[in-house]
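J.: Please find one structure pasted underneath; my questions will follow.
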Amino acid sequence: MNPAARDKAAGLRARFEAAGAVVIDPAILQSAEILLDLYGEDIRARAYVTADPARGELMLRPDFTVPVVQAHMQGGAEPARYTYSGEVFRRQEADPDRQSEYLQVGFEIFDRTDPAAADAEVFALFSDALAGLRLRPVTGDIGVLMAAVSGLDASAARRAALLRHLWRPRRFRALMDRFSGKTPPPASRAKLLKARDPFAGAAPLVGKRSQAEIASRIETLRTDADQPPLSREQVALVDAILAVRETMPFALARLRDIAVDMPALTPALDRIEARLSALSARGIDVDALDFEGSYGRTSMEYYDGFVFGFVCEARPDLPPMATGGRYDALTERLGAGQAIPAVGGVIRPDLILALEEPA
Amino acid sequence: MSVKLGVPSKGRLMEKTFDWFGARGVTLSRTGSDREYAGAVAGVDGVDLVLLSAGEIPRELASGRIHLGVTGTDLVREKLVQWDQKVEPLAELGFGHADLIVAVPAAWVDVDTLDDLDAAAAAFRARHGHRLRIATKYHRLVRDYLRDGGVADYRLVDSQGATEGTVANLTAEAIADITSTGETLRANHLKPLSDPPVLRSQATLFRSRRAPLSGDDRATLDALTRLLDL
């Protein structure tokens, strides 16, 4: 590990401490079960898995957010601000040239009182820490897309399916096409639903999935086949949200226009408006701050509200210098019934060094 | 120095490989006893035959210890990260055909596509409290395929053999494995999904992009590729 990156990390952590954060130092070895439960099988392609005879499958910490949330949910004071600095480990199957071990320095806020203020506090802190690097900040809000899906004129099952695949843009698109009738259901499904006895001539059942479960899915498919298609207008509204790319005030105005036809968006847009004021109050030039309707959709699966990143446009070969966002739902999943609004982000000191000392 | 050609060390794959080269005027043979993995090449000078397990050939090619090797596309894709930067396919040999497929119990009349599998997996997880398990030894290929197909709520369980039996043994709900005729699947009451397979594999002659070549080796390789009509 580059000692200069360590120094840089220590400096950033000190800055976050000065901003009121308590230092937290999660273990490098994390329970694989919790991470697998959250991220699914894909995490195995991205994280190093190892085994312990007593503790079972373990992973080398692929990020800090999960252990920090766990530590807080097990009895942290409230409200709380945390900072940390240390290695994360990522398998790079697709591209061995990318770093598989690098430092992250983070700052996280757990606070129920004023989410917009907490969003602005994290963003402004990062903006200050990265000042002078000529980075382009980008923001977004996963909550808008979630509100749009929840507000669709579609069955609860269809909305749940779309929400489940919100972070998989291609699958999400395929589902929208299916539900709107743009792609017809597969022939095999039509045949199955037409059959008087769908089980006639079926092979003997093997395995754990029972006949009742198969019958129940056929019932679900029947109900779904009777659903009216999602209207073209509603599909167009979702597309319009994903296509928003403006500075923050214009993006908000655009989204307000969309909300005329989709009132379910309004609470999420009110939150953006409150965030805009809070960012202004922190001295952020919101008129120059970009907002993208689809930002954060592919890579940051636990974010469910505000999302942000700081990218260097002069170095498209580098990943974002910093990323972060709001993850209220994650605290609920890891909190065994407890939940608390939370927002935070990480900076990569090694990338900052790469910018400061041009090769 | 010499050009090293890696060939599967036993079974039909070895015999068919010998036949393929033989038909093109390059005679490969095993020397010594049946148990000894040594071989000889006639018909072209400067080529050494290296008999290896088919599963080791991708790694040997990638490390550059052999210049040419015959193995299945499935093994190259599964074992080598960025395989196309490490080896180059020179010829498909027309045998050893096998598809890597995802199969589910044939009695799952409601599951025909990846889309169905995803929906079934979501319901299965809600009901049983664990993800739908798919037994395979091709972890990388299958994971990439299922990610592309938008399948969530599954988990891969490792199975290095008798994979078709895992469903009946209740250690997996579905499998992903190589099949050529589908006979074993049917015997175990399984059916492949109707989507295109994870991979269509066959025995293929690969060239290592990493193996060092002397001037003589280069001439030998040219002579051999001319002879094989590549």
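Chain labels run A, B, ... following the order of the structure tokens; each chain numbers its residues from 1, and ligands are numbered from 1 in the order shown.
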Please return, as a count of residues only, all residues of chain B lying within 6 Å of chain A when only C-alpha atoms are considered.

T.: 8

J.: Write down as a PyMOL selection string the residues of stretch 37-69 of chain A whose backbone DSSP state falls under helix (DSSP H, G or I).

T.: chain A and resi 37-39+42-46+65-69

J.: Mind the document's chain letters and residue numbers, and return as an MDAnalysis selection string the residues of stretch 47-287 of chain A that DSSP labels strand (DSSP E).

T.: chainID A and resid 49:52 56:60 80:89 101:110 136:141 245:247

J.: What is the atom CA of A:Arg61 to atom CA of A:Thr331 distance in Å?

T.: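 Atom-to-atom, atom CA of A:Arg61 and atom CA of A:Thr331 are spaced 18.0 Å apart.
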
J.: Residues at most 12 Å from A:Leu162, counting only C-alpha atoms, excluding those fewer than 2 positions away in the same chain, as a PDB file with C-alpha atoms, in the first residue's frame?

T.:
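result_14.pdb, freshly written:
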```pdb
ATOM      1  CA  LEU A 145     -37.891   6.128  -9.315  1.00  0.00           C
ATOM      2  CA  MET A 146     -39.202   4.074  -6.394  1.00  0.00           C
ATOM      3  CA  ALA A 147     -42.094   6.512  -5.948  1.00  0.00           C
ATOM      4  CA  ALA A 148     -42.832   6.349  -9.685  1.00  0.00           C
ATOM      5  CA  VAL A 149     -43.020   2.551  -9.643  1.00  0.00           C
ATOM      6  CA  SER A 150     -45.126   2.529  -6.485  1.00  0.00           C
ATOM      7  CA  GLY A 151     -47.489   5.002  -8.152  1.00  0.00           C
ATOM      8  CA  LEU A 152     -47.973   3.006 -11.363  1.00  0.00           C
ATOM      9  CA  ALA A 154     -50.499  -1.744 -12.042  1.00  0.00           C
ATOM     10  CA  SER A 155     -51.172  -4.691  -9.759  1.00  0.00           C
ATOM     11  CA  ALA A 156     -49.254  -4.954  -6.488  1.00  0.00           C
ATOM     12  CA  ALA A 157     -47.445  -8.020  -7.869  1.00  0.00           C
ATOM     13  CA  ARG A 158     -46.276  -6.109 -10.933  1.00  0.00           C
ATOM     14  CA  ARG A 159     -45.112  -3.143  -8.878  1.00  0.00           C
ATOM     15  CA  ALA A 160     -43.240  -5.475  -6.532  1.00  0.00           C
ATOM     16  CA  ARG A 164     -37.248  -5.881  -7.047  1.00  0.00           C
ATOM     17  CA  HIS A 165     -35.388  -5.190 -10.302  1.00  0.00           C
ATOM     18  CA  LEU A 166     -35.019  -1.435  -9.947  1.00  0.00           C
ATOM     19  CA  TRP A 167     -31.217  -1.799  -9.885  1.00  0.00           C
ATOM     20  CA  ARG A 168     -31.081  -4.076 -12.954  1.00  0.00           C
ATOM     21  CA  PRO A 169     -31.929  -1.667 -15.772  1.00  0.00           C
ATOM     22  CA  ARG A 170     -32.189  -4.316 -18.492  1.00  0.00           C
ATOM     23  CA  ARG A 171     -34.436  -6.610 -16.533  1.00  0.00           C
ATOM     24  CA  PHE A 172     -36.495  -3.624 -15.396  1.00  0.00           C
ATOM     25  CA  ARG A 173     -36.943  -2.612 -19.049  1.00  0.00           C
ATOM     26  CA  ALA A 174     -37.929  -6.156 -20.029  1.00  0.00           C
ATOM     27  CA  LEU A 175     -40.569  -6.198 -17.291  1.00  0.00           C
ATOM     28  CA  MET A 176     -41.947  -2.800 -18.378  1.00  0.00           C
ATOM     29  CA  ASP A 177     -42.147  -4.111 -21.954  1.00  0.00           C
ATOM     30  CA  ARG A 178     -43.955  -7.233 -20.757  1.00  0.00           C
ATOM     31  CA  PHE A 179     -46.409  -5.383 -18.521  1.00  0.00           C
ATOM     32  CA  VAL A 238     -41.054   6.482 -16.184  1.00  0.00           C
TER      33      VAL A 238
ATOM     34  CA  ALA B 119     -40.074 -15.371 -10.547  1.00  0.00           C
ATOM     35  CA  GLY B 150     -31.782 -10.744 -14.717  1.00  0.00           C
TER      36      GLY B 150
END
```

J.: Which one of A:Val311, A:Val235, A:Pro3, A:Gly140 sits closest to A:Gly296 if you count only C-alpha atoms?

T.: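 Counting only C-alpha atoms, the residue closest to A:Gly296 is A:Gly140.
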
J.: So what do you get for atom CA of B:Ser208 versus atom CA of B:Arg147, distance-wise?

T.: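 So the two atoms, atom CA of B:Ser208 and atom CA of B:Arg147, lie 29.3 Å apart.
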
J.: Please compute the atom CA of A:Arg91-atom CA of A:Arg46 distance, one decimal, in Å.

T.: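 Taking atom CA of A:Arg91 and atom CA of A:Arg46, their separation equals 4.7 Å.
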
J.: Using only C-alpha atoms for the distances, tell me which of A:Arg136, A:Arg81, A:Arg55, A:His72 is nearest to A:Leu330.

T.: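 When distances to A:Leu330 are compared using only C-alpha atoms, the smallest one comes from A:His72.
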
J.: Could you check the closest approach to A:Gly181 for each of A:Gly56, A:Gly325, A:Gly345, A:Pro229 and tell me which residue wins, using only C-alpha atoms?

T.: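 Checking each of A:Gly56, A:Gly325, A:Gly345, A:Pro229 against A:Gly181, counting only C-alpha atoms, the winner is A:Pro229.
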
J.: Counting only C-alpha atoms, what is within 10 Å of A:Thr266, bar same-chain residues fewer than 4 positions away, as a compact mmCIF listing (two decimals) with C-alpha atoms, in the first residue's frame?

T.:
```txt
# COMPACT_ATOMS: atom_id res chain seq x y z
CA VAL A 144 -38.01 9.29 -7.23
CA ALA A 147 -42.09 6.51 -5.95
CA ALA A 148 -42.83 6.35 -9.68
CA LEU A 255 -39.92 16.41 -12.36
CA ARG A 256 -42.69 18.66 -11.05
CA ILE A 258 -44.03 14.93 -14.71
CA ALA A 259 -45.72 14.80 -11.29
CA VAL A 260 -48.75 16.58 -12.73
CA MET A 262 -48.06 11.14 -11.60
CA ASP A 270 -40.69 17.71 -1.84
CA ARG A 271 -37.68 15.94 -0.34
CA ILE A 272 -35.52 17.06 -3.27
```

J.: Would you please work out which residue, of B:His67, B:Arg133, B:Arg24, B:Arg210, is nearest to B:Thr171 when using only C-alpha atoms?

T.: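 With only C-alpha atoms as the atom set, the closest residue is B:Arg133.
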
J.: Which residue, B:Leu52, B:Leu228, B:Ala187, B:Leu156, has the smallest gap to B:Pro105 when you use only C-alpha atoms?

T.: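 Closest candidate: B:Ala187.
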